[in-house]
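This is data_16.cif (mmCIF, C-alpha atoms).
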data_run
#
loop_
_atom_site.group_PDB
_atom_site.id
_atom_site.type_symbol
_atom_site.label_atom_id
_atom_site.label_comp_id
_atom_site.auth_asym_id
_atom_site.auth_seq_id
_atom_site.Cartn_x
_atom_site.Cartn_y
_atom_site.Cartn_z
ATOM 1 C CA MET A 1 17.401 -23.809 51.813
ATOM 2 C CA THR A 2 14.060 -22.823 53.321
ATOM 3 C CA ASP A 3 11.099 -25.178 53.722
ATOM 4 C CA THR A 4 9.264 -23.195 51.020
ATOM 5 C CA GLU A 5 12.096 -23.624 48.532
ATOM 6 C CA ALA A 6 12.333 -27.304 49.339
ATOM 7 C CA THR A 7 8.656 -27.915 48.562
ATOM 8 C CA VAL A 8 8.460 -26.034 45.250
ATOM 9 C CA ASP A 9 7.720 -28.401 42.379
ATOM 10 C CA PRO A 10 9.212 -26.982 39.129
ATOM 11 C CA GLN A 11 6.862 -29.086 37.015
ATOM 12 C CA ALA A 12 3.838 -27.794 38.897
ATOM 13 C CA VAL A 13 5.054 -24.214 38.462
ATOM 14 C CA ALA A 14 5.494 -24.788 34.721
ATOM 15 C CA GLU A 15 2.042 -26.328 34.412
ATOM 16 C CA SER A 16 0.557 -23.411 36.332
ATOM 17 C CA ASP A 17 2.244 -20.933 33.973
ATOM 18 C CA LEU A 18 0.899 -22.816 30.970
ATOM 19 C CA ALA A 19 -2.595 -22.850 32.448
ATOM 20 C CA ARG A 20 -2.483 -19.101 33.104
ATOM 21 C CA HIS A 21 -1.247 -18.473 29.570
ATOM 22 C CA ALA A 22 -4.006 -20.649 28.096
ATOM 23 C CA ALA A 23 -6.663 -18.847 30.143
ATOM 24 C CA LYS A 24 -5.284 -15.453 29.106
ATOM 25 C CA MET A 25 -5.261 -16.410 25.418
ATOM 26 C CA ALA A 26 -8.783 -17.894 25.650
ATOM 27 C CA LYS A 27 -10.028 -14.608 27.103
ATOM 28 C CA LYS A 28 -8.260 -12.651 24.370
ATOM 29 C CA LYS A 29 -9.687 -14.917 21.663
ATOM 30 C CA ALA A 30 -13.221 -14.520 23.037
ATOM 31 C CA ALA A 31 -12.836 -10.738 22.921
ATOM 32 C CA ARG A 32 -11.447 -10.882 19.388
ATOM 33 C CA ASP A 33 -14.229 -13.195 18.210
ATOM 34 C CA LYS A 34 -16.791 -10.776 19.629
ATOM 35 C CA ILE A 35 -15.223 -7.899 17.678
ATOM 36 C CA MET A 36 -15.077 -9.927 14.461
ATOM 37 C CA ALA A 37 -18.709 -11.041 14.822
ATOM 38 C CA ALA A 38 -19.762 -7.395 14.605
ATOM 39 C CA LYS A 39 -17.982 -6.907 11.252
ATOM 40 C CA GLU A 40 -20.096 -7.396 8.151
ATOM 41 C CA GLY A 41 -19.747 -7.100 4.413
ATOM 42 C CA GLU A 42 -17.013 -5.748 2.201
ATOM 43 C CA LYS A 43 -16.074 -2.316 0.929
ATOM 44 C CA GLY A 44 -13.714 -1.033 -1.693
ATOM 45 C CA LEU A 45 -11.053 0.862 0.232
ATOM 46 C CA ILE A 46 -9.089 4.016 -0.459
ATOM 47 C CA ILE A 47 -5.603 3.172 0.789
ATOM 48 C CA VAL A 48 -2.753 5.671 1.193
ATOM 49 C CA HIS A 49 0.924 4.803 1.684
ATOM 50 C CA THR A 50 2.948 7.911 2.482
ATOM 51 C CA GLY A 51 5.848 9.155 4.608
ATOM 52 C CA ALA A 52 9.570 9.729 4.181
ATOM 53 C CA GLY A 53 10.527 6.108 4.739
ATOM 54 C CA LYS A 54 11.175 3.461 2.113
ATOM 55 C CA GLY A 55 8.484 0.908 1.293
ATOM 56 C CA LYS A 56 5.486 2.845 0.006
ATOM 57 C CA SER A 57 5.507 1.486 -3.530
ATOM 58 C CA SER A 58 6.814 -1.874 -2.343
ATOM 59 C CA SER A 59 3.818 -2.252 -0.053
ATOM 60 C CA GLY A 60 1.444 -1.256 -2.843
ATOM 61 C CA PHE A 61 2.947 -3.834 -5.181
ATOM 62 C CA GLY A 62 2.707 -6.422 -2.426
ATOM 63 C CA MET A 63 -1.052 -5.839 -2.378
ATOM 64 C CA ILE A 64 -1.193 -6.130 -6.173
ATOM 65 C CA LEU A 65 0.591 -9.498 -5.952
ATOM 66 C CA ARG A 66 -1.961 -10.648 -3.384
ATOM 67 C CA CYS A 67 -4.712 -9.827 -5.867
ATOM 68 C CA VAL A 68 -2.873 -11.757 -8.578
ATOM 69 C CA ALA A 69 -2.457 -14.735 -6.243
ATOM 70 C CA HIS A 70 -6.228 -14.739 -5.643
ATOM 71 C CA GLY A 71 -6.998 -14.445 -9.345
ATOM 72 C CA MET A 72 -8.393 -10.928 -8.920
ATOM 73 C CA PRO A 73 -7.995 -8.553 -11.893
ATOM 74 C CA CYS A 74 -5.954 -5.486 -10.957
ATOM 75 C CA ALA A 75 -4.018 -2.636 -12.532
ATOM 76 C CA VAL A 76 -1.044 -0.340 -11.956
ATOM 77 C CA VAL A 77 -0.555 3.236 -13.137
ATOM 78 C CA GLN A 78 2.900 4.674 -12.466
ATOM 79 C CA PHE A 79 2.983 8.466 -12.344
ATOM 80 C CA ILE A 80 6.711 9.103 -11.819
ATOM 81 C CA LYS A 81 8.853 6.002 -12.233
ATOM 82 C CA GLY A 82 7.564 5.073 -15.677
ATOM 83 C CA ALA A 83 11.014 5.341 -17.235
ATOM 84 C CA TRP A 84 12.493 2.846 -14.749
ATOM 85 C CA ASP A 85 12.964 -0.815 -15.620
ATOM 86 C CA THR A 86 11.698 -2.154 -12.298
ATOM 87 C CA GLY A 87 11.446 -5.727 -11.075
ATOM 88 C CA GLU A 88 7.726 -5.296 -10.362
ATOM 89 C CA ARG A 89 7.091 -4.161 -13.913
ATOM 90 C CA ARG A 90 9.058 -7.050 -15.391
ATOM 91 C CA LEU A 91 7.284 -9.624 -13.243
ATOM 92 C CA LEU A 92 3.757 -8.361 -13.813
ATOM 93 C CA THR A 93 4.041 -7.691 -17.543
ATOM 94 C CA THR A 94 5.944 -10.891 -18.282
ATOM 95 C CA HIS A 95 4.028 -13.404 -16.168
ATOM 96 C CA PHE A 96 0.712 -11.885 -15.090
ATOM 97 C CA ALA A 97 -0.395 -9.586 -17.908
ATOM 98 C CA ASP A 98 -3.689 -11.485 -18.091
ATOM 99 C CA LEU A 99 -4.561 -10.419 -14.532
ATOM 100 C CA CYS A 100 -2.719 -7.128 -14.072
ATOM 101 C CA GLN A 101 -2.663 -4.222 -16.486
ATOM 102 C CA PHE A 102 0.505 -2.154 -16.139
ATOM 103 C CA HIS A 103 0.701 1.415 -17.407
ATOM 104 C CA ALA A 104 3.980 3.286 -16.952
ATOM 105 C CA MET A 105 2.877 6.861 -17.634
ATOM 106 C CA GLY A 106 5.597 8.872 -15.912
ATOM 107 C CA GLU A 107 8.913 9.916 -17.396
ATOM 108 C CA GLY A 108 10.996 10.211 -14.260
ATOM 109 C CA PHE A 109 11.306 12.647 -11.399
ATOM 110 C CA THR A 110 10.790 16.341 -12.091
ATOM 111 C CA TRP A 111 14.479 17.170 -11.860
ATOM 112 C CA GLU A 112 15.171 14.634 -14.625
ATOM 113 C CA THR A 113 12.710 15.929 -17.222
ATOM 114 C CA GLN A 114 13.241 19.620 -16.300
ATOM 115 C CA ASP A 115 10.095 20.360 -18.278
ATOM 116 C CA LYS A 116 7.057 21.274 -16.163
ATOM 117 C CA ALA A 117 4.599 21.279 -19.072
ATOM 118 C CA ARG A 118 5.742 17.812 -20.065
ATOM 119 C CA ASP A 119 5.443 16.567 -16.474
ATOM 120 C CA ILE A 120 1.913 17.956 -16.169
ATOM 121 C CA ALA A 121 0.892 16.364 -19.467
ATOM 122 C CA ALA A 122 2.262 12.985 -18.354
ATOM 123 C CA ALA A 123 0.473 13.221 -14.997
ATOM 124 C CA LYS A 124 -2.833 14.127 -16.647
ATOM 125 C CA ALA A 125 -2.495 11.260 -19.110
ATOM 126 C CA GLY A 126 -1.835 8.942 -16.182
ATOM 127 C CA TRP A 127 -4.917 10.220 -14.366
ATOM 128 C CA GLU A 128 -7.123 9.697 -17.426
ATOM 129 C CA LYS A 129 -5.901 6.103 -17.656
ATOM 130 C CA ALA A 130 -6.438 5.671 -13.907
ATOM 131 C CA LYS A 131 -10.039 6.865 -14.171
ATOM 132 C CA GLU A 132 -10.684 4.442 -17.009
ATOM 133 C CA LEU A 133 -9.328 1.530 -14.971
ATOM 134 C CA ILE A 134 -11.094 2.495 -11.739
ATOM 135 C CA ARG A 135 -14.434 2.817 -13.527
ATOM 136 C CA ASP A 136 -14.181 -0.805 -14.692
ATOM 137 C CA PRO A 137 -15.931 -2.841 -11.947
ATOM 138 C CA SER A 138 -14.181 -6.037 -13.036
ATOM 139 C CA ILE A 139 -10.842 -4.571 -11.841
ATOM 140 C CA ARG A 140 -10.736 -5.075 -8.076
ATOM 141 C CA MET A 141 -7.633 -3.027 -7.220
ATOM 142 C CA VAL A 142 -5.861 -0.126 -8.898
ATOM 143 C CA LEU A 143 -2.449 1.025 -7.684
ATOM 144 C CA LEU A 144 -1.689 4.689 -8.412
ATOM 145 C CA ASP A 145 2.034 4.615 -7.768
ATOM 146 C CA GLU A 146 3.607 7.962 -6.768
ATOM 147 C CA ILE A 147 0.428 9.920 -7.527
ATOM 148 C CA ASN A 148 0.990 11.837 -4.278
ATOM 149 C CA ILE A 149 4.022 13.485 -5.857
ATOM 150 C CA ALA A 150 1.962 14.616 -8.851
ATOM 151 C CA LEU A 151 -0.627 16.018 -6.455
ATOM 152 C CA ARG A 152 2.010 17.737 -4.335
ATOM 153 C CA TYR A 153 3.373 19.626 -7.350
ATOM 154 C CA ASP A 154 -0.165 20.517 -8.485
ATOM 155 C CA TYR A 155 0.202 18.530 -11.692
ATOM 156 C CA LEU A 156 -3.222 17.133 -10.818
ATOM 157 C CA ASP A 157 -6.126 18.824 -9.071
ATOM 158 C CA LEU A 158 -6.673 17.280 -5.638
ATOM 159 C CA ALA A 159 -10.336 18.270 -5.493
ATOM 160 C CA GLU A 160 -10.977 16.533 -8.814
ATOM 161 C CA VAL A 161 -9.237 13.363 -7.668
ATOM 162 C CA LEU A 162 -11.177 13.262 -4.393
ATOM 163 C CA GLU A 163 -14.509 13.939 -6.103
ATOM 164 C CA PHE A 164 -13.880 11.155 -8.611
ATOM 165 C CA LEU A 165 -12.996 8.664 -5.897
ATOM 166 C CA ARG A 166 -16.079 9.668 -3.930
ATOM 167 C CA THR A 167 -18.587 9.562 -6.758
ATOM 168 C CA GLU A 168 -17.293 7.224 -9.467
ATOM 169 C CA LYS A 169 -15.228 4.512 -7.773
ATOM 170 C CA PRO A 170 -17.241 1.249 -7.832
ATOM 171 C CA PRO A 171 -18.271 0.100 -4.329
ATOM 172 C CA LEU A 172 -15.928 -2.912 -4.221
ATOM 173 C CA THR A 173 -12.890 -1.432 -5.977
ATOM 174 C CA HIS A 174 -9.770 -0.785 -3.892
ATOM 175 C CA VAL A 175 -7.577 2.163 -4.885
ATOM 176 C CA VAL A 176 -4.039 2.454 -3.494
ATOM 177 C CA LEU A 177 -2.265 5.818 -3.687
ATOM 178 C CA THR A 178 1.439 6.020 -2.865
ATOM 179 C CA GLY A 179 4.060 8.724 -2.498
ATOM 180 C CA ARG A 180 5.453 11.165 0.044
ATOM 181 C CA ASN A 181 3.563 14.125 1.442
ATOM 182 C CA ALA A 182 0.030 12.855 0.953
ATOM 183 C CA ALA A 183 -2.413 15.768 1.052
ATOM 184 C CA GLU A 184 -4.487 16.214 4.195
ATOM 185 C CA GLY A 185 -7.671 15.998 2.148
ATOM 186 C CA LEU A 186 -6.621 12.628 0.775
ATOM 187 C CA ILE A 187 -5.698 11.359 4.231
ATOM 188 C CA GLU A 188 -9.093 12.402 5.535
ATOM 189 C CA ALA A 189 -10.904 10.691 2.659
ATOM 190 C CA ALA A 190 -8.924 7.435 2.932
ATOM 191 C CA ASP A 191 -10.051 4.312 4.764
ATOM 192 C CA LEU A 192 -6.506 3.125 5.480
ATOM 193 C CA VAL A 193 -3.411 5.314 5.820
ATOM 194 C CA THR A 194 0.097 4.079 6.559
ATOM 195 C CA GLU A 195 3.042 6.415 7.084
ATOM 196 C CA MET A 196 6.487 4.968 6.461
ATOM 197 C CA THR A 197 9.003 6.426 8.927
ATOM 198 C CA LEU A 198 12.628 6.886 7.882
ATOM 199 C CA VAL A 199 15.065 5.622 10.505
ATOM 200 C CA LYS A 200 18.139 4.793 8.394
ATOM 201 C CA HIS A 201 18.762 4.690 4.654
ATOM 202 C CA PRO A 202 21.944 3.579 2.830
ATOM 203 C CA PHE A 203 21.661 6.470 0.359
ATOM 204 C CA ARG A 204 22.776 8.790 3.158
ATOM 205 C CA SER A 205 25.928 6.720 3.462
ATOM 206 C CA GLY A 206 26.783 7.116 -0.205
ATOM 207 C CA ILE A 207 25.203 3.884 -1.451
ATOM 208 C CA LYS A 208 23.188 4.222 -4.639
ATOM 209 C CA ALA A 209 19.801 2.637 -5.392
ATOM 210 C CA GLN A 210 20.303 -1.072 -5.958
ATOM 211 C CA ILE A 211 18.509 -3.635 -8.081
ATOM 212 C CA GLY A 212 16.289 -5.902 -6.016
ATOM 213 C CA VAL A 213 16.068 -3.360 -3.193
ATOM 214 C CA GLU A 214 14.886 -0.097 -4.755
ATOM 215 C CA PHE A 215 13.765 -1.330 -8.163
#

In structure tokens, what does this structure look like?
Amino acid sequence: MTDTEATVDPQAVAESDLARHAAKMAKKKAARDKIMAAKEGEKGLIIVHTGAGKGKSSSGFGMILRCVAHGMPCAVVQFIKGAWDTGERRLLTTHFADLCQFHAMGEGFTWETQDKARDIAAAKAGWEKAKELIRDPSIRMVLLDEINIALRYDYLDLAEVLEFLRTEKPPLTHVVLTGRNAAEGLIEAADLVTEMTLVKHPFRSGIKAQIGVEF
């Protein structure tokens, strides 16, 4: 054993590490506080959840539940999964109908209806309901679930949707738009965009959609 090793005090080393950590965190907190001090006011956000990975609708519904927890009026318009008996729909319509309006306007995925005219009509009806809800300033958040799919298939006009959000959305209303393949124009117009990345999915292993996980 060297003289240096013999004189090392483990407790002193530990205390030194703690002191360095505390100083590092204090510096980080000061920087964070400075950033936060420059932030002012509130704004109604356009929020997009897209990508091939699972969790787009789930994340949107998580935000709706936050609104409910804070007593904030909110609404959901489902553009594709309207025919599904989902857990989110059951929960919101059964227990929180006073705070969250729920409108299931879709009739399933396009390969299920096999009727393009019917799909377009359902999407347009959903968009009319969405506009009505968004225009109401008492509703703080509106979730447009799977609207990106309706836009991708040109069931709705993207330019019309963007113009409405730009000119008619109340200043403090949040609008959440979910679904794969979000249009570039929508991504550019949004304040917050999250892309879900697919890494693994049980469907590829022959496991079907399961209650409590997918719906």

Enumerate, as an MDAnalysis selection string, the residues matched when the PyMOL selection byres ((chain A and resi 187-195) around 8) is run on the file above. chainID A and resid 45:53 162 182:186 196:197

Looking at A:Lys116, A:Lys43, A:Lys131, A:His174, which one is nearest to Tyr155 (chain A), with distances taken over all atoms listed in the file? A:Lys116

For the PyMOL selection byres ((chain A and resi 134) around 9), applied here, can you spell out every residue it catches as an NGL selection string? :A and (75 or 129-133 or 135-137 or 139-142 or 165 or 168-170 or 173-175)

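In terms of minimum interatomic distance to Trp127 (chain A), A:His103 ranks closest within A:His103, A:Lys29, A:Lys54, A:Lys81, counting all atoms listed in the file.
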
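Here CA of Ser59 (chain A) and CA of Met105 (chain A) stand 19.8 Å from one another.
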
Which is closest to Ala121 (chain A) among A:Leu172, A:Leu156, A:Ala104, A:Leu91, if we use only C-alpha atoms? A:Leu156

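One distance worth recording is that between CA of Phe102 (chain A) and CA of Val77 (chain A), which is 6.3 Å.
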
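CA of Lys124 (chain A) is positioned 13.3 Å from CA of Glu146 (chain A).
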
Using only C-alpha atoms, the shortest atom-to-atom distance to Thr93 (chain A) among A:Val76, A:Ala14, A:Leu151, A:Ile211 belongs to A:Val76

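For the choices A:Lys28, A:His95, A:Arg152, A:Lys208, the atom-to-atom distance to Leu65 (chain A) is smallest for A:His95 when using all atoms listed in the file.
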
Selection: 10 Å around Ser58 (chain A), only C-alpha atoms, excl. self and same-chain fewer than 5 positions, as a VMD selection string: chain A and resid 49 63 to 64 88 145 178 213 to 215

If we count only C-alpha atoms and set the cut-off at 9 Å, which residues sit around Ser138 (chain A), ignoring sequence neighbours fewer than 5 positions away in its own chain? Please answer as a list in words. Met72, Pro73, Cys74 and Thr173 of chain A

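Using only C-alpha atoms for every distance, the candidate list A:Asp119, A:Ala23, A:Glu40, A:Cys100 yields A:Cys100 as the residue closest to Gly71 (chain A).
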
Complete region 162-183 of chain A at the level of N, CA and C atoms, written as a compact mmCIF listing (two decimals), in the coordinates of the input.
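Writing the result to selection.txt gives the following:
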# COMPACT_ATOMS: atom_id res chain seq x y z
N LEU A 162 -10.33 13.66 -5.52
CA LEU A 162 -11.18 13.26 -4.39
C LEU A 162 -12.63 13.10 -4.82
N GLU A 163 -13.11 14.01 -5.64
CA GLU A 163 -14.51 13.94 -6.10
C GLU A 163 -14.73 12.68 -6.95
N PHE A 164 -13.76 12.37 -7.79
CA PHE A 164 -13.88 11.16 -8.61
C PHE A 164 -13.92 9.91 -7.74
N LEU A 165 -13.03 9.83 -6.77
CA LEU A 165 -13.00 8.66 -5.90
C LEU A 165 -14.29 8.55 -5.09
N ARG A 166 -14.86 9.68 -4.73
CA ARG A 166 -16.08 9.67 -3.93
C ARG A 166 -17.30 9.28 -4.74
N THR A 167 -17.35 9.73 -5.99
CA THR A 167 -18.59 9.56 -6.76
C THR A 167 -18.54 8.48 -7.84
N GLU A 168 -17.36 8.14 -8.33
CA GLU A 168 -17.29 7.22 -9.47
C GLU A 168 -16.60 5.90 -9.18
N LYS A 169 -15.88 5.79 -8.10
CA LYS A 169 -15.23 4.51 -7.77
C LYS A 169 -16.30 3.46 -7.47
N PRO A 170 -16.28 2.31 -8.14
CA PRO A 170 -17.24 1.25 -7.83
C PRO A 170 -17.14 0.83 -6.37
N PRO A 171 -18.23 0.38 -5.77
CA PRO A 171 -18.27 0.10 -4.33
C PRO A 171 -17.24 -0.91 -3.84
N LEU A 172 -16.84 -1.87 -4.69
CA LEU A 172 -15.93 -2.91 -4.22
C LEU A 172 -14.51 -2.77 -4.77
N THR A 173 -14.22 -1.65 -5.41
CA THR A 173 -12.89 -1.43 -5.98
C THR A 173 -11.97 -0.78 -4.95
N HIS A 174 -10.79 -1.37 -4.77
CA HIS A 174 -9.77 -0.78 -3.89
C HIS A 174 -8.85 0.11 -4.73
N VAL A 175 -8.52 1.27 -4.21
CA VAL A 175 -7.58 2.16 -4.88
C VAL A 175 -6.45 2.49 -3.90
N VAL A 176 -5.21 2.22 -4.33
CA VAL A 176 -4.04 2.45 -3.49
C VAL A 176 -3.26 3.62 -4.07
N LEU A 177 -2.98 4.62 -3.25
CA LEU A 177 -2.26 5.82 -3.69
C LEU A 177 -0.98 5.93 -2.88
N THR A 178 0.17 5.98 -3.57
CA THR A 178 1.44 6.02 -2.86
C THR A 178 2.18 7.32 -3.14
N GLY A 179 3.20 7.56 -2.32
CA GLY A 179 4.06 8.72 -2.50
C GLY A 179 4.15 9.57 -1.24
N ARG A 180 5.24 10.28 -1.11
CA ARG A 180 5.45 11.16 0.04
C ARG A 180 4.44 12.30 0.08
N ASN A 181 4.33 12.88 1.26
CA ASN A 181 3.56 14.12 1.44
C ASN A 181 2.13 14.03 0.94
N ALA A 182 1.44 12.97 1.32
CA ALA A 182 0.03 12.86 0.95
C ALA A 182 -0.74 14.06 1.48
N ALA A 183 -1.63 14.60 0.67
CA ALA A 183 -2.41 15.77 1.05
C ALA A 183 -3.36 15.44 2.20
